[in-house]
file entry-v9.cif (mmCIF, C-alpha atoms)
data_model
#
loop_
_atom_site.label_atom_id
_atom_site.label_comp_id
_atom_site.auth_asym_id
_atom_site.auth_seq_id
_atom_site.Cartn_x
_atom_site.Cartn_y
_atom_site.Cartn_z
CA MET A 11 -128.70 26.56 4.40
CA THR A 12 -129.40 29.63 6.54
CA LEU A 13 -130.37 33.08 5.33
CA ASN A 14 -127.31 35.02 4.15
CA LEU A 15 -127.97 38.41 2.57
CA THR A 16 -125.07 40.00 0.69
CA ALA A 17 -124.60 43.78 0.62
CA THR A 18 -124.22 44.33 -3.14
CA PRO A 19 -123.84 47.90 -4.49
CA ALA A 20 -127.55 47.98 -5.40
CA ILE A 21 -128.63 46.82 -1.93
CA LYS A 22 -126.31 49.36 -0.29
CA ARG A 23 -127.93 52.15 -2.32
CA ALA A 24 -131.40 50.87 -1.39
CA VAL A 25 -130.47 50.74 2.32
CA VAL A 26 -129.55 54.44 2.26
CA HIS A 27 -133.05 55.26 0.97
CA ILE A 28 -134.78 52.81 3.34
CA ASN A 29 -133.05 54.44 6.33
CA GLU A 30 -134.29 57.85 5.18
CA LEU A 31 -137.95 56.79 4.82
CA ASP A 32 -140.58 58.27 7.14
CA ILE A 33 -141.01 55.63 9.87
CA SER A 34 -144.76 56.30 10.05
CA LYS A 35 -145.21 55.38 6.36
CA PHE A 36 -142.85 52.40 6.27
CA PRO A 37 -145.24 49.77 7.77
CA LEU A 38 -147.86 50.41 5.05
CA LEU A 39 -145.24 49.97 2.33
CA LEU A 40 -144.12 46.66 3.85
CA THR A 41 -147.65 45.37 4.36
CA ARG A 42 -148.49 45.88 0.67
CA ILE A 43 -145.24 44.23 -0.47
CA LEU A 44 -145.88 41.21 1.77
CA SER A 45 -149.47 40.87 0.56
CA LYS A 46 -148.34 40.73 -3.09
CA LEU A 47 -145.12 38.73 -2.65
CA HIS A 48 -146.62 35.47 -3.96
CA LEU A 49 -148.04 37.01 -7.15
CA LYS A 50 -145.65 36.52 -10.07
CA ASP A 51 -147.18 38.64 -12.81
CA GLU A 52 -148.75 41.44 -10.80
CA ARG A 53 -147.05 44.69 -9.91
CA THR A 54 -146.91 45.48 -6.20
CA PHE A 55 -148.16 49.01 -6.90
CA SER A 56 -149.99 50.47 -9.88
CA GLU A 57 -148.33 53.31 -11.81
CA GLU A 58 -150.69 55.80 -10.17
CA GLU A 59 -149.88 54.42 -6.70
CA GLU A 60 -146.15 54.61 -7.46
CA GLU A 61 -146.48 58.26 -8.45
CA LYS A 62 -148.21 58.99 -5.13
CA LEU A 63 -145.54 57.02 -3.25
CA GLN A 64 -142.75 58.99 -4.94
CA SER A 65 -144.30 62.19 -3.63
CA SER A 66 -145.17 60.78 -0.21
CA LEU A 67 -141.77 59.18 0.39
CA SER A 68 -139.74 61.87 -1.43
CA LEU A 69 -138.12 59.34 -3.77
CA SER A 70 -137.42 59.46 -7.50
CA ASP A 71 -138.99 56.86 -9.79
CA SER A 72 -135.78 54.79 -9.99
CA ASP A 73 -135.04 55.06 -6.25
CA LEU A 74 -138.58 53.92 -5.34
CA GLU A 75 -138.24 50.97 -7.72
CA LEU A 76 -134.89 50.06 -6.13
CA VAL A 77 -136.37 50.20 -2.60
CA ILE A 78 -139.40 48.07 -3.56
CA HIS A 79 -137.30 45.48 -5.43
CA THR A 80 -134.79 45.27 -2.58
CA LEU A 81 -137.48 44.78 0.07
CA GLU A 82 -139.17 42.16 -2.15
CA PHE A 83 -135.84 40.38 -2.59
CA ILE A 84 -135.08 40.38 1.15
CA LEU A 85 -138.55 39.06 2.01
CA HIS A 86 -138.40 36.43 -0.76
CA GLN A 87 -135.10 35.21 0.69
CA ALA A 88 -136.56 35.19 4.20
CA ALA A 89 -139.51 33.11 2.95
CA TYR A 90 -137.29 30.73 0.96
CA HIS A 91 -135.17 30.02 4.04
CA THR A 92 -138.18 30.12 6.43
CA ALA A 93 -136.09 32.60 8.39
CA LYS A 94 -136.76 33.07 12.08
CA PRO A 95 -137.30 36.71 13.12
CA GLY A 96 -134.04 36.80 15.09
CA VAL A 97 -131.98 35.56 12.13
CA LEU A 98 -133.68 37.99 9.75
CA GLY A 99 -133.04 40.82 12.21
CA GLN A 100 -129.32 40.04 12.39
CA GLN A 101 -129.06 39.97 8.60
CA LEU A 102 -130.87 43.30 8.27
CA GLN A 103 -128.53 44.88 10.83
CA GLN A 104 -125.51 43.56 8.91
CA LEU A 105 -126.89 45.34 5.83
CA GLU A 106 -126.79 48.48 8.04
CA ILE A 107 -130.55 49.04 8.05
CA GLU A 108 -131.38 51.25 11.02
CA ASP A 109 -132.82 49.59 14.15
CA ASN A 110 -136.22 51.28 13.95
CA LYS A 111 -136.71 50.01 10.36
CA VAL A 112 -135.42 46.55 11.33
CA LYS A 113 -138.05 46.39 14.08
CA VAL A 114 -140.84 47.28 11.63
CA ILE A 115 -139.67 44.61 9.16
CA ILE A 116 -139.40 41.98 11.92
CA ASP A 117 -142.85 42.81 13.31
CA ALA A 118 -144.38 42.57 9.83
CA TRP A 119 -142.55 39.29 9.19
CA LYS A 120 -143.77 37.79 12.48
CA ASN A 121 -147.38 38.63 11.57
CA THR A 122 -147.33 37.42 7.97
CA ALA A 123 -144.52 34.86 7.55
CA ALA A 124 -146.69 31.73 7.83
CA ASP A 125 -149.24 33.04 5.31
CA VAL A 126 -146.60 34.32 2.87
CA ILE A 127 -144.59 31.07 2.94
CA SER A 128 -147.75 28.99 2.46
CA LYS A 129 -148.85 31.05 -0.57
CA LEU A 130 -145.37 30.94 -2.13
CA ARG A 131 -145.29 27.13 -1.78
CA GLN A 132 -148.64 26.84 -3.59
CA ARG A 133 -147.39 28.95 -6.49
CA THR A 134 -146.67 27.07 -9.69
CA ILE A 135 -143.20 27.24 -11.22
CA MET A 136 -142.96 29.27 -14.42
CA PRO A 137 -142.87 26.77 -17.35
CA LYS A 138 -140.86 29.08 -19.63
CA HIS A 139 -137.10 28.78 -20.06
CA LEU A 140 -134.50 31.00 -21.63
CA GLU A 141 -132.74 29.16 -24.47
CA GLU A 142 -130.63 31.79 -26.16
CA VAL A 143 -129.44 35.38 -25.72
CA ASN A 144 -128.34 37.53 -28.68
CA TRP A 145 -127.17 41.11 -28.36
CA ARG A 146 -125.46 43.91 -30.22
CA LEU A 147 -124.42 47.46 -29.49
CA ASN A 148 -126.09 50.35 -31.24
CA LEU A 149 -125.03 53.98 -31.53
CA GLN A 150 -127.83 56.47 -32.12
CA MET A 151 -127.14 60.01 -33.23
CA ALA A 152 -129.14 62.62 -31.36
CA GLN A 153 -129.27 66.16 -32.77
CA SER A 154 -129.18 68.84 -30.11
CA SER A 155 -129.28 72.57 -30.74
CA LYS A 156 -125.50 72.87 -31.17
CA THR A 157 -123.87 69.45 -31.34
CA LYS A 158 -124.49 65.91 -32.42
CA MET A 159 -124.51 63.46 -29.52
CA LYS A 160 -123.87 59.74 -29.71
CA LEU A 161 -126.29 57.74 -27.56
CA PRO A 162 -125.03 54.16 -27.07
CA ASN A 163 -127.49 51.43 -26.22
CA ALA A 164 -127.59 47.63 -26.21
CA MET A 165 -130.11 45.66 -28.28
CA PHE A 166 -131.17 42.26 -26.90
CA GLU A 167 -133.07 39.31 -28.32
CA LEU A 168 -134.10 36.53 -25.91
CA ALA A 169 -135.29 33.16 -27.23
CA VAL A 170 -137.78 31.68 -24.75
CA ARG A 171 -139.33 28.19 -24.87
CA ASP A 172 -142.61 27.17 -23.21
CA ASP A 173 -142.23 23.64 -21.77
CA ASP A 174 -145.98 23.04 -21.80
CA SER A 175 -146.65 23.88 -25.44
CA GLU A 176 -143.09 23.62 -26.86
CA ASN A 177 -143.73 27.02 -28.47
CA LYS A 178 -140.79 29.37 -28.87
CA GLU A 179 -140.95 33.14 -28.80
CA LYS A 180 -138.43 35.92 -29.25
CA ILE A 181 -138.41 38.93 -26.96
CA ARG A 182 -136.61 42.02 -28.24
CA PHE A 183 -135.74 45.10 -26.20
CA GLU A 184 -133.05 47.72 -25.79
CA MET A 185 -131.32 49.25 -22.77
CA THR A 186 -129.43 52.46 -22.19
CA HIS A 187 -126.12 52.45 -20.33
CA ASP A 188 -127.86 53.39 -17.04
CA GLU A 189 -130.57 50.76 -17.46
CA LEU A 190 -127.96 48.12 -18.24
CA TYR A 191 -125.96 49.10 -15.14
CA THR A 192 -129.05 48.76 -12.91
CA PHE A 193 -129.85 45.39 -14.51
CA TYR A 194 -126.24 44.25 -13.99
CA ASN A 195 -126.45 45.04 -10.28
CA GLN A 196 -129.66 43.03 -10.00
CA LEU A 197 -127.99 40.07 -11.76
CA GLU A 198 -125.00 40.40 -9.43
CA THR A 199 -127.34 40.17 -6.44
CA ILE A 200 -129.00 37.04 -7.85
CA GLN A 201 -125.62 35.45 -8.64
CA LYS A 202 -124.30 36.01 -5.11
CA GLN A 203 -127.45 34.54 -3.57
CA LEU A 204 -127.22 31.51 -5.89
CA ASP A 205 -123.57 31.09 -4.87
CA ASN A 206 -124.63 31.13 -1.23
CA LEU A 207 -127.16 28.37 -1.90
CA GLY A 208 -124.64 26.23 -3.79
#

call {"tool": "encode", "arguments": {"input": "entry-v9.cif", "output": "structure tokens"}}
result
Amino acid sequence: MTLNLTATPAIKRAVVHINELDISKFPLLLTRILSKLHLKDERTFSEEEEEKLQSSLSLSDSDLELVIHTLEFILHQAAYHTAKPGVLGQQLQQLEIEDNKVKVIIDAWKNTAADVISKLRQRTIMPKHLEEVNWRLNLQMAQSSKTKMKLPNAMFELAVRDDDSENKEKIRFEMTHDELYTFYNQLETIQKQLDNLG
């Protein structure tokens, strides 16, 4: 199965921001992402570093997160498929990433691909599995100066089982409409890539 990146709505939004990034700062961003790609539980950038990046790259918090996650996803896919630079370049161009950014990504991939793929292969598979998802909608009343506003959100409870210890844990969290929409787009991206592998 060859590398086949799909231009989902989230990726299309990320590409707009990637094309607008300062070309002189882009290689440093990529180098850090590639160096951390094999680490499962570690953020690519600390909160303090992300704040500096937002200012340096003129991106909002959510837009920076989208750019980082999209680049991580693309590079993960490239590693999974052991993509040759030429194939990766074609896929990036099909996503409408500008040529100068494509060149930077390809150069970085050429220099680090062997090391990244080796580290990812040594990584252990996460022993935890999702067993059950429960959810409900919640409507919070927010009092503003003049009117009462209804703030809808979704409450989730995930039941997770650890294969090693057989222990089960429940993870509870809530999402606003915007957060749920962003999460949906990420799931859509994953689903399309899984379909391509099927």

call {"tool": "residues_around", "arguments": {"input": "entry-v9.cif", "residues": "Leu85 (chain A)", "least_positions_apart": "6", "cutoff": "9 Å", "atoms": "only C-alpha atoms", "output": "number ranges by chain"}}
result
A: 43-44, 47, 119

call {"tool": "residues_around", "arguments": {"input": "entry-v9.cif", "residues": "region 183-197 of chain A", "least_positions_apart": "3", "cutoff": "6 Å", "atoms": "all atoms listed in the file", "output": "ChimeraX atom specification"}}
result
/A:20,163-166,200

call {"tool": "closest_residue", "arguments": {"input": "entry-v9.cif", "among": "A:Glu167, A:Asp125, A:Glu198, A:Asp205", "to": "His48 (chain A)", "atoms": "only C-alpha atoms"}}
result
A:Asp125

call {"tool": "atom_distance", "arguments": {"input": "entry-v9.cif", "atom1": "CA of Ile78 (chain A)", "atom2": "CA of Val143 (chain A)"}}
result
27.4 Å

call {"tool": "residues_around", "arguments": {"input": "entry-v9.cif", "residues": "Val26 (chain A)", "least_positions_apart": "4", "cutoff": "9 Å", "atoms": "all atoms listed in the file", "output": "VMD selection string"}}
result
chain A and resid 21 to 22 30 106 to 107

call {"tool": "residues_around", "arguments": {"input": "entry-v9.cif", "residues": "Phe36 (chain A)", "least_positions_apart": "3", "cutoff": "12 Å", "atoms": "all atoms listed in the file", "output": "ChimeraX atom specification"}}
result
/A:27-33,39-43,63,66-67,77-78,81,110-115,117-118

call {"tool": "closest_residue", "arguments": {"input": "entry-v9.cif", "among": "A:Arg182, A:Lys202, A:His86, A:Lys129", "to": "Trp145 (chain A)", "atoms": "only C-alpha atoms"}}
result
A:Arg182

call {"tool": "atom_distance", "arguments": {"input": "entry-v9.cif", "atom1": "CA of Ala89 (chain A)", "atom2": "CA of Val170 (chain A)"}}
result
27.8 Å

call {"tool": "closest_residue", "arguments": {"input": "entry-v9.cif", "among": "A:Ile181, A:Glu52, A:Ile127, A:Glu60", "to": "Leu140 (chain A)", "atoms": "all atoms listed in the file"}}
result
A:Ile181

call {"tool": "resolve_selection", "arguments": {"input": "entry-v9.cif", "expression": "the PyMOL selection byres ((chain A and resi 105) around 10)", "output": "tab-separated table (two decimals) with C-alpha atoms, in the frame of the given file"}}
result
chain	number	residue	atom	x	y	z
A	15	LEU	CA	-127.97	38.41	2.57
A	16	THR	CA	-125.07	40.00	0.69
A	17	ALA	CA	-124.60	43.78	0.62
A	18	THR	CA	-124.22	44.33	-3.14
A	21	ILE	CA	-128.63	46.82	-1.93
A	22	LYS	CA	-126.31	49.36	-0.29
A	25	VAL	CA	-130.47	50.74	2.32
A	99	GLY	CA	-133.04	40.82	12.21
A	100	GLN	CA	-129.32	40.04	12.39
A	101	GLN	CA	-129.06	39.97	8.60
A	102	LEU	CA	-130.87	43.30	8.27
A	103	GLN	CA	-128.53	44.88	10.83
A	104	GLN	CA	-125.51	43.56	8.91
A	106	GLU	CA	-126.79	48.48	8.04
A	107	ILE	CA	-130.55	49.04	8.05
A	108	GLU	CA	-131.38	51.25	11.02

call {"tool": "residues_around", "arguments": {"input": "entry-v9.cif", "residues": "Ser45 (chain A)", "least_positions_apart": "5", "cutoff": "9 Å", "atoms": "all atoms listed in the file", "output": "number ranges by chain"}}
result
A: 40, 54, 122, 126

call {"tool": "write_last_selection", "arguments": {"input": "entry-v9.cif", "atoms": "C-alpha atoms", "output": "mmCIF file, in the frame of the given file"}}
result
data_model
loop_
_atom_site.group_PDB
_atom_site.id
_atom_site.type_symbol
_atom_site.label_atom_id
_atom_site.label_comp_id
_atom_site.auth_asym_id
_atom_site.auth_seq_id
_atom_site.Cartn_x
_atom_site.Cartn_y
_atom_site.Cartn_z
ATOM 1 C CA LEU A 40 -144.120 46.660 3.850
ATOM 2 C CA THR A 54 -146.910 45.480 -6.200
ATOM 3 C CA THR A 122 -147.330 37.420 7.970
ATOM 4 C CA VAL A 126 -146.600 34.320 2.870
#

call {"tool": "atom_distance", "arguments": {"input": "entry-v9.cif", "atom1": "CA of Ser68 (chain A)", "atom2": "CA of Ala123 (chain A)"}}
result
28.9 Å

call {"tool": "closest_residue", "arguments": {"input": "entry-v9.cif", "among": "A:Asn206, A:Arg53, A:Leu147, A:Glu61", "to": "Gln87 (chain A)", "atoms": "only C-alpha atoms"}}
result
A:Asn206
